Protein chains: 2
Amino acid sequence: MTNQTVADAPARASGSGNGRKYRPGRIRERNREKILQAAEQEFAQHGYKGATIQNIAERAGLPKSNVLYYFSNKKRMYSAMFDDILARWNKVFTDIRPEDDPAVALSTFIRTKVEMSRHYPLASRLFAMEIIQGAPFLLDHLRTNMREWVRGRAEVMQQWIDDGRMAPVDPVQLIFLIWSSTQHYADFQVQILMVENKAEYEKRDFDHAADFLVEVILRGCGLEKPT
Amino acid sequence: MTNQTVADAPARASGSGNGRKYRPGRIRERNREKILQAAEQEFAQHGYKGATIQNIAERAGLPKSNVLYYFSNKKRMYSAMFDDILARWNKVFTDIRPEDDPAVALSTFIRTKVEMSRHYPLASRLFAMEIIQGAPFLLDHLRTNMREWVRGRAEVMQQWIDDGRMAPVDPVQLIFLIWSSTQHYADFQVQILMVENKAEYEKRDFDHAADFLVEVILRGCGLEKPT
DNA sequence: CGGACTCCTGAACAAATGGACAACAAGTGA
DNA sequence: TCACTTGTTGTCCATTTGTTCAGGAGTCCG
């Protein structure tokens with residue numbers, strides 16, 4: 001929807017029209033990035049309504065007016081963030097094909113998602129927040145893109161099942177299971193750390209979690225951990 | 001922590017001291033309940049910062065001032081809610097013992113949690129929100145009660161493993177897996193409904209989900225679905 | 001240098017927000 | 001009924017919030 005190449009910045013800048021061509025400028029890109037990063041923190045922590053532009057500005061180390069220069073209002077800023085995040089995600093997700101080995105494919109899927117929880121915990125929490133709040137901004141995305149995505153993967157899994165290559169479990173539920181269990185490490189980080197009495201995550205924690213999930217879920221699907 | 005029998009209401013009512021004994025009154029209980037229910041909706045949808053007393057009042061069908069009469073401020077109202085919810089939860093959770101059958105015990109655990117997602121989706125979302133926001137109000141609860149709870153269950157499971165009654169999987173991770181996968185149906189309701197192209201949940205959806213989870217997770221632990 | 005554009009920001013504002021309070025209404029036990 | 005506690009609510013207030021705006025600084029190209 002929103003075009004994110006040039007952003008929507010000027011908003012009320014002068015007439016534009018047909019002057020000399022002008023390079024978008026590096027400053028724009030740099031500040032945009034700084035702000036979006038700050039926004040990610042703030043929105044992930046307080047949700048859409050709870051987040052304040054003032055706070056975002058402070059996190060970014062800029063005056064509020066400057067933030068509003070780049071994103072003319074709160075709503076647009078919020079959308080822009082999701083455009084960014086969804087683009088980032090789309091880049092990572094690999095396809096699965098009927099001729100793939102189920103064990104390898106599922107294992108890769110799980111490990112990829114755990115890595116995402118590790119590298120982009122804020123994005124994960126942000127997404128969780130948005131959904132819990134009723135997905136006012138992402139409803140459309142869920143209804144179209146995500147539904148298709150799930151349908152596609154589920155069909156491949158069903159193929160595997162029909163070919164007797166894995167146990168007959170509901171593929172859609174399986175996707176939900178993988179989503180929830182992997183995202184959990186990002187969304188409920190605080191809870192996990194408290195329960196495990198740790199100050200912060202280490203790399204090996206994620207490796208351990210991924211190993212566990214791969215083992216249990218694959219076995220649950222009648223598969224063996226790939227070598 | 002907070003005593004919830006008489007609430008904190010009067011706040012600035014006259015001296016109290018030693019007048020005649022006075023019955024707490026039914027009105028109090030009824031309104032308190034109405035407000036807490038409204039608060040549950042509002043806080044679950046917008047988080048602590050995003051929720052407004054005005055909105056809660058409207059949902060409860062009362063003037064804002066009246067709401068503030070019962071809960072002298074926002075923070076107290078939020079805590080009171082969690083006192084309620086945690087009490088409700090504690091009532092439901094059954095213990096597990098080393099001599100129990102692992103398959104039956106885990107199966108019951110999973111089904112109970114799915115039922116909770118079905119009956120108290122707001123509470124689940126509320127809890128999720130609180131954790132995502134960094135658990136400012138529940139940190140202590142996580143660090144003490146919940147940690148102990150997990151430790152206890154994990155010990156029993158470890159016992160089962162040592163006795164060769166289930167596959168050697170990390171018990172703590174297993175608890176996280178069950179938590180995340182079952183809560184998912186409450187917290188990410190909108191996403192699931194959109195992806196499955198449904199308007200709302202039906203009872204059978206939860207039954208189906210519970211059956212799926214029991215089957216996959218139990219098999220993942222080297223167990224067989226109990227009859 | 002000069003002009004055209006981008007970038008920056010303090011000030012101002014209307015609306016919303018959490019909360020205080022005082023006056024009043026209703027309930028309760030004797 | 002009376003004395004006292006509990007319940008109700010309109011009004012007020014300081015602060016915060018999203019957003020506008022006008023003017024000024026900075027940057028780039030010829």
# chains A, B, ... in the order shown; residues from 1 in each chain; ligands from 1
>>> closest_atom_pairs(of="chain D", to="chain B", cutoff="8 Å", atoms="only C-alpha atoms (C1' of nucleotides)", output="JSON lines")
{"residue": "D:DT5", "atom": "C1'", "partner": "B:Tyr22", "partner_atom": "CA", "distance": 7.6}
{"residue": "D:DT8", "atom": "C1'", "partner": "B:Asn66", "partner_atom": "CA", "distance": 6.4}
{"residue": "D:DT9", "atom": "C1'", "partner": "B:Ser65", "partner_atom": "CA", "distance": 6.4}
>>> write_last_selection(atoms="C-alpha atoms (C1' of nucleotides)", output="mmCIF file, in the first residue's frame")
data_model
loop_
_atom_site.group_PDB
_atom_site.id
_atom_site.type_symbol
_atom_site.label_atom_id
_atom_site.label_comp_id
_atom_site.auth_asym_id
_atom_site.auth_seq_id
_atom_site.Cartn_x
_atom_site.Cartn_y
_atom_site.Cartn_z
ATOM 1 C "C1'" DT D 5 -21.524 4.951 56.491
ATOM 2 C "C1'" DT D 8 -22.833 8.790 43.071
ATOM 3 C "C1'" DT D 9 -21.583 12.272 40.081
#
>>> residues_around(residues="stretch 196-204 of chain B", least_positions_apart="4", cutoff="8 Å", atoms="only C-alpha atoms (C1' of nucleotides)", output="PyMOL selection string")
(chain A and resi 143+147) or (chain B and resi 192+208)
>>> interface_residues(of="chain A", to="chain B", cutoff="8 Å", atoms="only C-alpha atoms", output="PyMOL selection string")
chain A and resi 44-51+125+128-129+131-135+139+142-143+146-147+150+169-170+173+176-177+180-181+184+187-191+194-197+209+212+215-222
>>> write_last_selection(atoms="C-alpha atoms", output="CSV table (one decimal), in the first residue's frame")
chain,number,residue,atom,x,y,z
A,44,ALA,CA,6.5,-2.9,20.8
A,45,GLN,CA,6.5,-1.9,24.4
A,46,HIS,CA,3.4,0.1,24.6
A,47,GLY,CA,1.2,-0.8,21.7
A,48,TYR,CA,-0.3,1.7,19.3
A,49,LYS,CA,-2.3,3.8,21.6
A,50,GLY,CA,0.2,3.7,24.4
A,51,ALA,CA,3.1,4.8,22.4
A,125,ARG,CA,6.6,-8.5,19.9
A,128,ALA,CA,2.1,-9.9,18.6
A,129,MET,CA,0.8,-6.6,20.0
A,131,ILE,CA,-2.7,-9.0,16.6
A,132,ILE,CA,-3.7,-9.0,20.3
A,133,GLN,CA,-5.1,-5.5,19.7
A,134,GLY,CA,-7.3,-6.9,17.0
A,135,ALA,CA,-4.9,-6.3,14.1
A,139,LEU,CA,-6.3,-7.3,9.0
A,142,LEU,CA,-3.7,-11.5,7.3
A,143,ARG,CA,-6.8,-12.0,5.2
A,146,MET,CA,-0.9,-14.6,5.1
A,147,ARG,CA,-3.9,-16.8,4.3
A,150,VAL,CA,-0.5,-20.8,4.9
A,169,VAL,CA,-1.5,-34.4,11.3
A,170,ASP,CA,-3.5,-31.2,10.4
A,173,GLN,CA,-2.4,-26.6,13.1
A,176,PHE,CA,0.3,-22.6,14.2
A,177,LEU,CA,2.2,-24.8,16.5
A,180,SER,CA,3.6,-20.0,18.5
A,181,SER,CA,6.3,-22.1,20.0
A,184,HIS,CA,7.3,-17.4,22.3
A,187,ASP,CA,7.4,-12.4,22.9
A,188,PHE,CA,7.6,-13.9,26.3
A,189,GLN,CA,11.3,-13.2,26.8
A,190,VAL,CA,10.8,-11.6,30.2
A,191,GLN,CA,8.8,-14.6,31.5
A,194,MET,CA,12.6,-14.9,35.1
A,195,VAL,CA,11.5,-18.5,35.2
A,196,GLU,CA,15.0,-19.7,34.2
A,197,ASN,CA,16.6,-17.1,36.5
A,209,ALA,CA,15.4,-24.2,22.2
A,212,PHE,CA,14.3,-29.1,21.5
A,215,GLU,CA,13.2,-32.9,18.2
A,216,VAL,CA,9.8,-32.9,19.7
A,217,ILE,CA,7.8,-31.5,16.8
A,218,LEU,CA,9.5,-33.8,14.2
A,219,ARG,CA,9.0,-36.8,16.4
A,220,GLY,CA,5.4,-35.6,16.9
A,221,CYS,CA,5.0,-35.7,13.1
A,222,GLY,CA,6.5,-39.2,12.9
>>> residues_around(residues="D:DT20", least_positions_apart="2", cutoff="10 Å", atoms="only C-alpha atoms (C1' of nucleotides)", output="list in words")
DA12 and DC13 of chain C; DG18 and DA22 of chain D
>>> atom_distance(atom1="atom CA of B:Ile53", atom2="atom CA of B:Lys74")
7.1 Å
>>> interface_residues(of="chain C", to="chain B", cutoff="8 Å", atoms="only C-alpha atoms (C1' of nucleotides)", output="list in words")
DT17, DG18, DG19 and DT28 of chain C
>>> residues_around(residues="D:DG23", least_positions_apart="2", cutoff="12 Å", atoms="only C-alpha atoms (C1' of nucleotides)", output="compact mmCIF listing (two decimals) with C-alpha atoms (C1' of nucleotides), in the first residue's frame")
# COMPACT_ATOMS: atom_id res chain seq x y z
C1' DC C 8 15.06 21.48 11.36
C1' DT C 9 12.60 23.22 15.35
C1' DG C 10 10.36 26.28 18.97
C1' DA C 11 5.95 27.81 19.81
C1' DC D 21 2.77 26.26 11.34
C1' DA D 25 19.30 26.84 8.94
>>> select_by_dssp(residues="stretch 108-209 of chain A", states="helix (DSSP H, G or I)", output="VMD selection string")
chain A and resid 108 to 119 121 to 132 139 to 162 171 to 187 189 to 196 203 to 209
>>> residues_around(residues="D:DT11", least_positions_apart="3", cutoff="12 Å", atoms="only C-alpha atoms (C1' of nucleotides)", output="list in words")
Ser65 of chain B; DA20, DC21, DA22 and DA23 of chain C
>>> write_last_selection(atoms="C-alpha atoms (C1' of nucleotides)", output="compact mmCIF listing (two decimals), in the first residue's frame")
# COMPACT_ATOMS: atom_id res chain seq x y z
CA SER B 65 -15.97 9.43 38.78
C1' DA C 20 -9.17 15.62 43.18
C1' DC C 21 -13.13 17.18 45.45
C1' DA C 22 -17.30 18.74 47.35
C1' DA C 23 -21.93 18.33 47.50
>>> atom_distance(atom1="atom CA of A:Arg111", atom2="atom CA of B:Ile161")
25.4 Å
>>> residues_around(residues="B:Met157", least_positions_apart="5", cutoff="8 Å", atoms="only C-alpha atoms (C1' of nucleotides)", output="VMD selection string")
chain B and resid 98 102 171
>>> write_last_selection(atoms="N, CA and C atoms", output="CSV table (one decimal), in the first residue's frame")
chain,number,residue,atom,x,y,z
B,98,PRO,N,4.6,-37.7,40.7
B,98,PRO,CA,5.5,-38.7,40.0
B,98,PRO,C,4.8,-40.0,39.7
B,102,PRO,N,2.3,-40.3,32.8
B,102,PRO,CA,2.8,-39.1,32.0
B,102,PRO,C,1.8,-38.8,30.9
B,171,PRO,N,12.4,-30.8,30.3
B,171,PRO,CA,11.0,-30.5,30.9
B,171,PRO,C,10.6,-29.0,30.9
>>> atom_distance(atom1="atom CA of A:Asn31", atom2="atom CA of A:Tyr78")
15.8 Å
>>> decode(residues="stretch 124-158 of chain B", atoms="N, CA and C atoms", output="mmCIF file, in the first residue's frame")
data_model
loop_
_atom_site.group_PDB
_atom_site.id
_atom_site.type_symbol
_atom_site.label_atom_id
_atom_site.label_comp_id
_atom_site.auth_asym_id
_atom_site.auth_seq_id
_atom_site.Cartn_x
_atom_site.Cartn_y
_atom_site.Cartn_z
ATOM 1 N N SER B 124 -5.954 -14.213 29.041
ATOM 2 C CA SER B 124 -4.741 -14.674 28.378
ATOM 3 C C SER B 124 -4.051 -13.523 27.646
ATOM 4 N N ARG B 125 -4.843 -12.753 26.919
ATOM 5 C CA ARG B 125 -4.274 -11.624 26.163
ATOM 6 C C ARG B 125 -3.684 -10.581 27.091
ATOM 7 N N LEU B 126 -4.413 -10.347 28.166
ATOM 8 C CA LEU B 126 -3.961 -9.398 29.169
ATOM 9 C C LEU B 126 -2.588 -9.793 29.691
ATOM 10 N N PHE B 127 -2.484 -11.049 30.016
ATOM 11 C CA PHE B 127 -1.221 -11.570 30.524
ATOM 12 C C PHE B 127 -0.126 -11.424 29.466
ATOM 13 N N ALA B 128 -0.452 -11.770 28.244
ATOM 14 C CA ALA B 128 0.513 -11.644 27.157
ATOM 15 C C ALA B 128 0.984 -10.199 27.026
ATOM 16 N N MET B 129 0.033 -9.281 27.046
ATOM 17 C CA MET B 129 0.358 -7.854 26.961
ATOM 18 C C MET B 129 1.329 -7.449 28.063
ATOM 19 N N GLU B 130 0.975 -7.845 29.263
ATOM 20 C CA GLU B 130 1.800 -7.485 30.406
ATOM 21 C C GLU B 130 3.226 -7.995 30.231
ATOM 22 N N ILE B 131 3.372 -9.213 29.774
ATOM 23 C CA ILE B 131 4.703 -9.778 29.592
ATOM 24 C C ILE B 131 5.456 -9.044 28.488
ATOM 25 N N ILE B 132 4.790 -8.831 27.368
ATOM 26 C CA ILE B 132 5.436 -8.153 26.250
ATOM 27 C C ILE B 132 5.922 -6.773 26.671
ATOM 28 N N GLN B 133 5.127 -6.131 27.507
ATOM 29 C CA GLN B 133 5.501 -4.788 27.958
ATOM 30 C C GLN B 133 6.621 -4.819 28.988
ATOM 31 N N GLY B 134 7.096 -5.999 29.288
ATOM 32 C CA GLY B 134 8.199 -6.097 30.223
ATOM 33 C C GLY B 134 7.765 -6.495 31.619
ATOM 34 N N ALA B 135 6.492 -6.843 31.759
ATOM 35 C CA ALA B 135 5.947 -7.334 33.036
ATOM 36 C C ALA B 135 6.215 -6.399 34.218
ATOM 37 N N PRO B 136 5.981 -5.092 34.058
ATOM 38 C CA PRO B 136 6.269 -4.174 35.158
ATOM 39 C C PRO B 136 5.499 -4.516 36.431
ATOM 40 N N PHE B 137 4.317 -5.109 36.297
ATOM 41 C CA PHE B 137 3.526 -5.412 37.477
ATOM 42 C C PHE B 137 3.690 -6.860 37.943
ATOM 43 N N LEU B 138 4.087 -7.721 37.025
ATOM 44 C CA LEU B 138 4.118 -9.135 37.381
ATOM 45 C C LEU B 138 5.527 -9.692 37.573
ATOM 46 N N LEU B 139 6.525 -8.842 37.416
ATOM 47 C CA LEU B 139 7.901 -9.326 37.537
ATOM 48 C C LEU B 139 8.084 -10.182 38.775
ATOM 49 N N ASP B 140 7.572 -9.672 39.867
ATOM 50 C CA ASP B 140 7.748 -10.365 41.127
ATOM 51 C C ASP B 140 7.070 -11.724 41.133
ATOM 52 N N HIS B 141 5.881 -11.732 40.618
ATOM 53 C CA HIS B 141 5.138 -12.984 40.544
ATOM 54 C C HIS B 141 5.890 -14.006 39.696
ATOM 55 N N LEU B 142 6.450 -13.557 38.584
ATOM 56 C CA LEU B 142 7.201 -14.455 37.710
ATOM 57 C C LEU B 142 8.416 -15.007 38.439
ATOM 58 N N ARG B 143 9.088 -14.097 39.125
ATOM 59 C CA ARG B 143 10.349 -14.465 39.762
ATOM 60 C C ARG B 143 10.149 -15.445 40.908
ATOM 61 N N THR B 144 9.015 -15.370 41.558
ATOM 62 C CA THR B 144 8.799 -16.230 42.727
ATOM 63 C C THR B 144 7.831 -17.378 42.417
ATOM 64 N N ASN B 145 6.541 -17.068 42.459
ATOM 65 C CA ASN B 145 5.526 -18.106 42.288
ATOM 66 C C ASN B 145 5.722 -18.927 41.022
ATOM 67 N N MET B 146 5.806 -18.228 39.904
ATOM 68 C CA MET B 146 5.832 -18.953 38.643
ATOM 69 C C MET B 146 7.102 -19.787 38.494
ATOM 70 N N ARG B 147 8.207 -19.230 38.953
ATOM 71 C CA ARG B 147 9.458 -19.995 38.865
ATOM 72 C C ARG B 147 9.350 -21.285 39.665
ATOM 73 N N GLU B 148 8.785 -21.166 40.858
ATOM 74 C CA GLU B 148 8.611 -22.350 41.701
ATOM 75 C C GLU B 148 7.673 -23.359 41.052
ATOM 76 N N TRP B 149 6.616 -22.821 40.496
ATOM 77 C CA TRP B 149 5.622 -23.682 39.832
ATOM 78 C C TRP B 149 6.312 -24.517 38.754
ATOM 79 N N VAL B 150 7.093 -23.846 37.933
ATOM 80 C CA VAL B 150 7.772 -24.544 36.842
ATOM 81 C C VAL B 150 8.770 -25.554 37.393
ATOM 82 N N ARG B 151 9.513 -25.126 38.360
ATOM 83 C CA ARG B 151 10.512 -26.025 38.931
ATOM 84 C C ARG B 151 9.856 -27.317 39.433
ATOM 85 N N GLY B 152 8.727 -27.138 40.121
ATOM 86 C CA GLY B 152 8.021 -28.302 40.650
ATOM 87 C C GLY B 152 7.598 -29.277 39.571
ATOM 88 N N ARG B 153 6.921 -28.750 38.551
ATOM 89 C CA ARG B 153 6.456 -29.626 37.469
ATOM 90 C C ARG B 153 7.643 -30.258 36.748
ATOM 91 N N ALA B 154 8.649 -29.457 36.508
ATOM 92 C CA ALA B 154 9.804 -29.972 35.768
ATOM 93 C C ALA B 154 10.451 -31.127 36.507
ATOM 94 N N GLU B 155 10.476 -31.025 37.831
ATOM 95 C CA GLU B 155 11.081 -32.109 38.618
ATOM 96 C C GLU B 155 10.319 -33.418 38.434
ATOM 97 N N VAL B 156 9.006 -33.315 38.465
ATOM 98 C CA VAL B 156 8.200 -34.514 38.275
ATOM 99 C C VAL B 156 8.471 -35.122 36.899
ATOM 100 N N MET B 157 8.487 -34.266 35.894
ATOM 101 C CA MET B 157 8.731 -34.771 34.542
ATOM 102 C C MET B 157 10.111 -35.422 34.447
ATOM 103 N N GLN B 158 11.067 -34.786 35.081
ATOM 104 C CA GLN B 158 12.414 -35.358 35.061
ATOM 105 C C GLN B 158 12.408 -36.751 35.691
#
